[in-house]
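First comes the structure, then the notes that go with it.
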Amino acid sequence: MAFDAVAAARSARNAGIYALLVAAVVLAALFVPGFATPTNVGNVVTQSAALGLVAIGQTFVIAAGMIDLSVGQLLGLSVVLTCALSEGRGELLVPVALAMVALGAVVGSVHSWLVNWLRIEPLILTFGSLSILQGVIFTMTDRSVGRAPDALRWIANERVLGFPVAGVLLVVFGVVAHALLRNTRFGLRLLATGDDGESARRAGVDVARVRWGAFVLSAIGATAGGLLVAGRLGTGYPNAGQGFELDAIVAAVLGGTSLAGGRASIVGTIGAVLLLGVIANVLNLLEVSAFVQTLAKGLIVVGAILLTRGAPVVAARAPGAVAAG
Amino acid sequence: MGATVRDVLGRWAIVLVFALLYGVAVLLSDAFLEPVYVGNILRQAAPVGIAAIGTTLVMILGAVDLSIGAIISFSAVFCAVMMQGEAGNIGIAVAATLVVAAAFGAINGALNLASPGSSFILTLGSALALYGLTQLYSGGTARGIVSPGFREFFNHRLGDVLPVLALAMLAIAAVMELVLRTTRFGRQIYLIGSNREAARLSGLPVAAVTFACYVVSGLFAGLGGIAVLARSGVSSTFVGRGFEFDALAAIVLGGTVFRGGRGTVVGTVAGTLVLFIAFNLVNILGFNYNLQLVLKGTIIIVASAGYAWLGRDR
């Protein structure tokens with residue numbers, strides 16, 4: 001009974017973000033010339049894939065009641081390293097990709113150790129590591145370096161039977177992440193930790209390990225996203241990751257993940273990523289200036305937070321109401 | 001008893017760090033003993049220090065303001081445009097800049113009242129919007145002309161040593177420390193920061209104080225923007241970009257805890273000085289500028305960890 005009520009509320013929230021997405025697509029198709037072509041729609045999906053990976057990772061961290069502001073610069077570091085290390089050599093793609101996953105695992109582990117053992121606030125910690133990662137990138141290079149292997153460019157840009165490869169990748173990652181969150185003990189413990197860390201600990205949840213899992217997933221989402229961005233750009237641009245952290249947080253929040261923790265939806269996050277992608281695409285098609293786009297992005301961030309502000313309170317009350325009934 | 005030793009240590013940590021770092025600096029370079037050089041460091045630190053003083057109030061309240069870099073940038077551009085290179089415009093330009101900066105602070109305050117608990121992302125969002133506005137306003141390049149006399153006044157050295165900008169930072173710090181310690185407004189900030197719900201239940205004007213703190217943070221960021229313009233003469237769109245990192249590092253170093261309820265303005269200013277002595281050391285030792293970014297991040301993390309450890313038994 002309780003489970004049904006929670007699941008129903010979740011479906012309603014997911015329906016909300018997808019209704020917005022459909023409305024945006026219909027409006028864009030009707031009023032924006034050049035939007036409703038197979039090529040353009042494919043582009044929206046292709047360009048959203050990297051943010052999708054980052055936002056999925058961020059969803060886990062936020063669900064656990066934390067935040068990860070370092071993902072943008074970590075993605076940038078992954079872009080630079082991927083291109084600089086492989087220099088376009090296809091045979092190095094697999095080793096480099098594995099190295100980037102390892103980089104994510106290391107950065108995520110360091111974050112979780114600092115939070116678990118030194119009790120640093122995740123917000124402050126990842127704000128600090130954002131600065132460190134940026135310093136590391138610019139110590140290595142202040143201009144674009146290296147070249148992405150052709151195979152990576154193919155994955156990031158091309159289509160098979162009309163389907164964008166990067167989009168298919170995003171769906172695969174989304175399905176795995178969804179299953180991890182909904183159908184595993186880790187997912188259950190993660191949501192319990194985010195809902196109330198102290199109660200979860202008393203109930204026997206290894207909170208430190210849950211946080212480790214969340215930070216590692218977030219960091220690997222960022223480095224994997226970096227592989228896709230490297231494939232899109234074709235070269236290691238040091239500023240490539242700027243702003244990804246904000247977009248990822250906004251996507252998670254718009255998708256129904258509560259900043260207070262304890263509630264998350266991968267399906268919602270992906271819907272919100274696509275919505276942000278459609279908006280960015282429409283602004284580009286309408287040839288809106290970069291300045292206005294920056295302004296619009298800021299307003300979207302603020303609007304998204306205000307739009308979803310009532311949600312955490314509802315979530316906190318819902319279990320009690322269900323138990324009483 | 002262990003807790004009280006830690007308590008004392010926590011209170012004086014920034015002074016210890018400051019003394020230690022200054023000692024190291026003197027050992028590495030005689031320059032740190034020259035009054036003029038010390039005056040330079042103070043002047044260099046003034047824009048960040050002044051802005052960080054305002055943000056300290058928000059942090060004691062248990063919230064955060066990450067939009068100050070954007071407000072500093074906008075204020076520098078706006079002030080230069082208002083001056084139009086005429087000495088007679090300085091007064092009105094400075095006044096108008098402060099009003100607009102305080103208005104941005106008011107917007108942040110209103111947003112945070114509408115959605116309490118998401119201050120970091122709200123102010124990141126409003127910062128992005130403000131950068132967009134600043135670029136539209138400036139056309140994406142440096143705009144406006146600084147009036148003659150403006151830079152001369154703020155950089156003038158009293159007794160040939162202490163620049164007016166440096167004195168301004170110290171004076172503002174003294175005033176704000178007094179406000180925090182002796183006024184009802186100051187006490188209310190600490191009480192709300194310690195326990196927002198308890199403060200609300202006991203009838204404190206939580207909304208009004210929160211709003212006021214954001215206005216102060218915006219206003220001081222405006223002052224910081226004017227200080228940047230006075231120090232460098234540059235009014236480009238991104239002149240204040242990244243200042244929120246410097247300010248946060250200074251505030252955390254100074255002992256203001258992220259959860260709120262604790263912190264001092266004097267600590268923030270001392271933290272700012274530690275930061276800028278460290279930056280100067282990085283330069284003197286011949287390291288790459290980008291090392292400053294690594295240093296800032298490390299300071300933010302290490303200082304948070306240190307204070308978290310000192311406050312562990314609380």
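The way I read the labels, and the way they are meant: chains A, B, ... in the order of the structure tokens, residue 1 as the first residue of every chain, and ligand 1 as the first ligand shown, with later ones counted on from there.
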What's around B:Ala70 at 7 Å? Count only C-alpha atoms, leave out sequence neighbours fewer than 4 positions away in its own chain, and write the answer as a PyMOL selection string.
chain B and resi 74+127+130-131+240-241
Please determine the contact residues of chain A with respect to chain B at a cut-off of 8 Å, counting only C-alpha atoms, and supply them as an mmCIF file with N, CA and C atoms, in the first residue's frame.
data_model
loop_
_atom_site.group_PDB
_atom_site.id
_atom_site.type_symbol
_atom_site.label_atom_id
_atom_site.label_comp_id
_atom_site.auth_asym_id
_atom_site.auth_seq_id
_atom_site.Cartn_x
_atom_site.Cartn_y
_atom_site.Cartn_z
ATOM 1 N N LEU A 118 36.682 13.073 7.542
ATOM 2 C CA LEU A 118 36.967 14.414 8.042
ATOM 3 C C LEU A 118 35.697 15.237 8.228
ATOM 4 N N ARG A 119 34.570 14.653 7.860
ATOM 5 C CA ARG A 119 33.266 15.304 8.058
ATOM 6 C C ARG A 119 33.179 16.675 7.408
ATOM 7 N N ILE A 120 33.748 16.819 6.223
ATOM 8 C CA ILE A 120 33.601 18.073 5.500
ATOM 9 C C ILE A 120 32.246 18.065 4.798
ATOM 10 N N GLU A 121 31.600 19.235 4.759
ATOM 11 C CA GLU A 121 30.349 19.351 4.020
ATOM 12 C C GLU A 121 30.611 19.072 2.540
ATOM 13 N N ILE A 124 31.002 22.293 0.306
ATOM 14 C CA ILE A 124 32.266 23.004 0.458
ATOM 15 C C ILE A 124 33.408 22.178 -0.141
ATOM 16 N N LEU A 125 33.395 20.878 0.155
ATOM 17 C CA LEU A 125 34.454 19.989 -0.329
ATOM 18 C C LEU A 125 34.548 20.022 -1.850
ATOM 19 N N PHE A 127 33.276 22.171 -3.910
ATOM 20 C CA PHE A 127 33.594 23.521 -4.380
ATOM 21 C C PHE A 127 35.113 23.698 -4.378
ATOM 22 N N GLY A 128 35.754 23.188 -3.320
ATOM 23 C CA GLY A 128 37.210 23.243 -3.249
ATOM 24 C C GLY A 128 37.860 22.389 -4.320
ATOM 25 N N SER A 129 37.346 21.171 -4.528
ATOM 26 C CA SER A 129 37.991 20.302 -5.516
ATOM 27 C C SER A 129 37.728 20.800 -6.935
ATOM 28 N N LEU A 130 36.604 21.489 -7.136
ATOM 29 C CA LEU A 130 36.362 22.156 -8.424
ATOM 30 C C LEU A 130 37.543 23.068 -8.760
ATOM 31 N N SER A 131 37.929 23.892 -7.775
ATOM 32 C CA SER A 131 39.033 24.828 -7.966
ATOM 33 C C SER A 131 40.347 24.089 -8.225
ATOM 34 N N ILE A 132 40.584 23.022 -7.462
ATOM 35 C CA ILE A 132 41.817 22.245 -7.631
ATOM 36 C C ILE A 132 41.874 21.629 -9.030
ATOM 37 N N LEU A 133 40.765 21.003 -9.449
ATOM 38 C CA LEU A 133 40.740 20.356 -10.766
ATOM 39 C C LEU A 133 40.962 21.370 -11.886
ATOM 40 N N GLN A 134 40.357 22.552 -11.730
ATOM 41 C CA GLN A 134 40.560 23.607 -12.720
ATOM 42 C C GLN A 134 42.034 24.007 -12.781
ATOM 43 N N GLY A 135 42.646 24.129 -11.595
ATOM 44 C CA GLY A 135 44.068 24.451 -11.546
ATOM 45 C C GLY A 135 44.906 23.379 -12.219
ATOM 46 N N VAL A 136 44.547 22.121 -12.003
ATOM 47 C CA VAL A 136 45.292 21.013 -12.624
ATOM 48 C C VAL A 136 45.176 21.071 -14.146
ATOM 49 N N PHE A 138 44.560 23.670 -16.085
ATOM 50 C CA PHE A 138 45.265 24.803 -16.690
ATOM 51 C C PHE A 138 46.766 24.765 -16.440
ATOM 52 N N THR A 139 47.191 23.966 -15.458
ATOM 53 C CA THR A 139 48.623 23.755 -15.309
ATOM 54 C C THR A 139 49.131 22.905 -16.474
ATOM 55 N N LEU A 246 26.205 22.779 -12.914
ATOM 56 C CA LEU A 246 24.935 23.470 -12.704
ATOM 57 C C LEU A 246 23.827 22.808 -13.521
ATOM 58 N N LEU A 259 16.523 17.981 -3.526
ATOM 59 C CA LEU A 259 17.820 18.456 -3.013
ATOM 60 C C LEU A 259 18.004 18.079 -1.547
ATOM 61 N N PHE A 291 24.995 35.894 -25.051
ATOM 62 C CA PHE A 291 24.739 36.625 -23.811
ATOM 63 C C PHE A 291 23.331 36.322 -23.293
ATOM 64 N N VAL A 292 22.366 36.385 -24.230
ATOM 65 C CA VAL A 292 20.977 36.115 -23.832
ATOM 66 C C VAL A 292 20.842 34.658 -23.396
ATOM 67 N N GLN A 293 21.600 33.760 -24.050
ATOM 68 C CA GLN A 293 21.550 32.347 -23.660
ATOM 69 C C GLN A 293 22.048 32.157 -22.234
ATOM 70 N N THR A 294 23.134 32.877 -21.882
ATOM 71 C CA THR A 294 23.637 32.807 -20.501
ATOM 72 C C THR A 294 22.568 33.284 -19.525
ATOM 73 N N LEU A 295 21.952 34.415 -19.859
ATOM 74 C CA LEU A 295 20.887 34.972 -19.019
ATOM 75 C C LEU A 295 19.756 33.954 -18.876
ATOM 76 N N ALA A 296 19.342 33.373 -20.016
ATOM 77 C CA ALA A 296 18.236 32.414 -20.003
ATOM 78 C C ALA A 296 18.575 31.209 -19.127
ATOM 79 N N LYS A 297 19.825 30.751 -19.237
ATOM 80 C CA LYS A 297 20.248 29.596 -18.451
ATOM 81 C C LYS A 297 20.143 29.889 -16.951
ATOM 82 N N GLY A 298 20.601 31.062 -16.562
ATOM 83 C CA GLY A 298 20.513 31.459 -15.156
ATOM 84 C C GLY A 298 19.069 31.488 -14.687
ATOM 85 N N LEU A 299 18.193 32.051 -15.541
ATOM 86 C CA LEU A 299 16.785 32.140 -15.165
ATOM 87 C C LEU A 299 16.159 30.751 -15.079
ATOM 88 N N ILE A 300 16.595 29.833 -15.959
ATOM 89 C CA ILE A 300 16.078 28.455 -15.913
ATOM 90 C C ILE A 300 16.479 27.794 -14.587
ATOM 91 N N VAL A 301 17.746 28.009 -14.176
ATOM 92 C CA VAL A 301 18.208 27.435 -12.902
ATOM 93 C C VAL A 301 17.317 27.918 -11.759
ATOM 94 N N VAL A 302 17.165 29.248 -11.677
ATOM 95 C CA VAL A 302 16.371 29.821 -10.590
ATOM 96 C C VAL A 302 14.924 29.352 -10.690
ATOM 97 N N ILE A 305 14.374 25.730 -9.516
ATOM 98 C CA ILE A 305 14.390 25.570 -8.058
ATOM 99 C C ILE A 305 13.082 26.079 -7.447
ATOM 100 N N LEU A 306 12.625 27.235 -7.929
ATOM 101 C CA LEU A 306 11.388 27.787 -7.374
ATOM 102 C C LEU A 306 10.195 26.901 -7.732
ATOM 103 N N ARG A 309 10.031 23.860 -5.415
ATOM 104 C CA ARG A 309 10.369 24.117 -4.014
ATOM 105 C C ARG A 309 9.415 23.458 -3.034
#
Run DSSP on the backbone and tell me which residues of stretch 25-220 of chain B come out as helix (DSSP H, G or I); list them as a VMD selection string.
chain B and resid 25 to 28 30 to 33 35 to 60 68 to 83 87 to 114 119 to 138 150 to 155 164 to 182 184 to 194 196 to 201 206 to 220
Based on the selection just made, write C-alpha atoms of those residues as a compact mmCIF listing (two decimals), in the first residue's frame.
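Saved to out_20.txt:
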# COMPACT_ATOMS: atom_id res chain seq x y z
CA ALA B 25 56.95 34.64 4.30
CA VAL B 26 59.47 36.84 6.11
CA LEU B 27 62.00 34.01 6.13
CA LEU B 28 61.55 33.51 2.37
CA ASP B 30 62.63 40.39 3.13
CA ALA B 31 59.93 42.20 1.18
CA PHE B 32 57.31 41.14 3.72
CA LEU B 33 59.01 43.41 6.29
CA PRO B 35 55.64 48.63 5.10
CA VAL B 36 54.99 49.61 1.47
CA TYR B 37 54.90 45.97 0.36
CA VAL B 38 52.58 45.07 3.23
CA GLY B 39 50.41 48.02 2.17
CA ASN B 40 50.37 46.55 -1.35
CA ILE B 41 49.17 43.18 -0.08
CA LEU B 42 46.43 44.87 1.92
CA ARG B 43 45.31 46.84 -1.13
CA GLN B 44 45.42 43.72 -3.27
CA ALA B 45 43.25 41.91 -0.73
CA ALA B 46 40.74 44.74 -0.35
CA PRO B 47 38.20 43.84 -3.09
CA VAL B 48 37.90 40.20 -1.97
CA GLY B 49 38.10 41.15 1.71
CA ILE B 50 35.34 43.74 1.53
CA ALA B 51 33.02 41.44 -0.44
CA ALA B 52 33.81 38.51 1.88
CA ILE B 53 32.80 40.59 4.92
CA GLY B 54 29.26 40.88 3.56
CA THR B 55 29.08 37.21 2.63
CA THR B 56 30.27 36.28 6.14
CA LEU B 57 26.92 37.50 7.47
CA VAL B 58 25.07 35.20 5.07
CA MET B 59 27.30 32.28 6.07
CA ILE B 60 26.78 32.85 9.81
CA ILE B 68 29.26 37.87 -5.40
CA GLY B 69 31.74 37.32 -8.27
CA ALA B 70 28.97 38.23 -10.72
CA ILE B 71 27.88 41.24 -8.65
CA ILE B 72 31.49 42.45 -8.43
CA SER B 73 31.86 42.16 -12.21
CA PHE B 74 28.61 43.98 -12.92
CA SER B 75 29.40 46.71 -10.39
CA ALA B 76 32.82 47.40 -11.90
CA VAL B 77 31.36 47.74 -15.41
CA PHE B 78 28.33 49.74 -14.26
CA CYS B 79 30.43 52.16 -12.18
CA ALA B 80 32.85 52.80 -15.05
CA VAL B 81 29.98 53.42 -17.48
CA MET B 82 28.28 55.82 -15.05
CA MET B 83 31.51 57.80 -14.57
CA ALA B 87 35.44 63.69 -12.28
CA GLY B 88 32.08 65.27 -11.42
CA ASN B 89 30.29 61.94 -11.93
CA ILE B 90 32.24 59.96 -9.33
CA GLY B 91 29.80 60.50 -6.46
CA ILE B 92 26.67 59.64 -8.39
CA ALA B 93 28.38 56.67 -10.08
CA VAL B 94 29.46 55.14 -6.78
CA ALA B 95 26.05 55.75 -5.18
CA ALA B 96 24.13 54.28 -8.15
CA THR B 97 26.43 51.24 -8.23
CA LEU B 98 25.82 50.54 -4.56
CA VAL B 99 22.04 50.87 -4.98
CA VAL B 100 22.03 48.43 -7.93
CA ALA B 101 24.32 45.97 -6.13
CA ALA B 102 22.11 46.07 -3.03
CA ALA B 103 19.10 45.49 -5.30
CA PHE B 104 20.75 42.32 -6.66
CA GLY B 105 21.33 41.28 -3.07
CA ALA B 106 17.63 41.91 -2.39
CA ILE B 107 16.68 39.66 -5.31
CA ASN B 108 18.90 36.91 -3.86
CA GLY B 109 17.27 37.45 -0.48
CA ALA B 110 13.77 37.19 -1.93
CA LEU B 111 14.69 34.01 -3.86
CA ASN B 112 16.06 32.42 -0.71
CA LEU B 113 12.96 33.29 1.24
CA ALA B 114 10.88 31.68 -1.50
CA SER B 119 20.81 29.06 -1.43
CA PHE B 120 23.90 27.68 -3.18
CA ILE B 121 22.14 26.73 -6.39
CA LEU B 122 19.84 29.77 -6.38
CA THR B 123 22.82 32.12 -6.12
CA LEU B 124 24.76 30.13 -8.74
CA GLY B 125 21.73 30.57 -11.00
CA SER B 126 21.33 34.28 -10.27
CA ALA B 127 25.09 34.69 -10.87
CA LEU B 128 24.73 33.13 -14.31
CA ALA B 129 21.78 35.37 -15.14
CA LEU B 130 23.73 38.41 -13.94
CA TYR B 131 26.77 37.49 -16.06
CA GLY B 132 24.39 37.34 -19.04
CA LEU B 133 22.98 40.76 -18.15
CA THR B 134 26.47 42.20 -17.69
CA GLN B 135 27.55 40.92 -21.10
CA LEU B 136 24.43 42.38 -22.73
CA TYR B 137 25.08 45.68 -20.94
CA SER B 138 28.75 45.87 -21.84
CA PHE B 150 38.92 58.10 -8.87
CA ARG B 151 41.86 55.72 -8.91
CA GLU B 152 44.20 58.34 -7.46
CA PHE B 153 41.95 58.78 -4.42
CA PHE B 154 41.56 55.08 -3.58
CA ASN B 155 45.21 54.24 -4.22
CA VAL B 164 43.02 54.27 1.16
CA LEU B 165 41.57 51.00 -0.20
CA ALA B 166 43.35 49.02 2.50
CA LEU B 167 42.16 51.43 5.18
CA ALA B 168 38.62 51.13 3.81
CA MET B 169 38.71 47.35 4.21
CA LEU B 170 40.00 47.58 7.78
CA ALA B 171 37.47 50.27 8.71
CA ILE B 172 34.56 48.31 7.21
CA ALA B 173 35.72 45.21 9.06
CA ALA B 174 35.83 47.09 12.37
CA VAL B 175 32.35 48.52 11.87
CA MET B 176 30.82 45.19 10.85
CA GLU B 177 32.48 43.34 13.73
CA LEU B 178 30.90 45.88 16.08
CA VAL B 179 27.53 45.45 14.37
CA LEU B 180 27.74 41.67 14.81
CA ARG B 181 28.81 41.86 18.45
CA THR B 182 26.82 44.72 19.87
CA ARG B 184 20.37 43.22 18.13
CA PHE B 185 20.63 42.56 14.39
CA GLY B 186 24.02 40.94 14.94
CA ARG B 187 22.81 38.69 17.74
CA GLN B 188 19.77 37.68 15.71
CA ILE B 189 22.05 36.52 12.86
CA TYR B 190 23.93 34.15 15.21
CA LEU B 191 20.72 32.87 16.80
CA ILE B 192 19.06 32.17 13.46
CA GLY B 193 22.24 30.52 12.20
CA SER B 194 22.45 28.26 15.26
CA ARG B 196 16.57 28.54 12.46
CA GLU B 197 13.47 26.74 13.68
CA ALA B 198 14.02 27.67 17.32
CA ALA B 199 14.63 31.28 16.30
CA ARG B 200 11.39 31.33 14.34
CA LEU B 201 9.42 29.79 17.21
CA VAL B 206 13.86 35.32 10.51
CA ALA B 207 12.66 36.47 7.09
CA ALA B 208 13.63 40.11 7.60
CA VAL B 209 17.10 39.24 8.94
CA THR B 210 17.73 36.75 6.09
CA PHE B 211 16.67 39.35 3.54
CA ALA B 212 18.85 42.02 5.19
CA CYS B 213 21.93 39.76 5.19
CA TYR B 214 21.61 39.15 1.44
CA VAL B 215 21.18 42.88 0.83
CA VAL B 216 24.36 43.50 2.84
CA SER B 217 26.17 40.77 0.89
CA GLY B 218 25.11 42.37 -2.42
CA LEU B 219 25.99 45.86 -1.20
CA PHE B 220 29.48 44.79 -0.10
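Coordinates place atom CA of A:Ala219 at a distance of 20.2 Å from atom CA of A:Met140.
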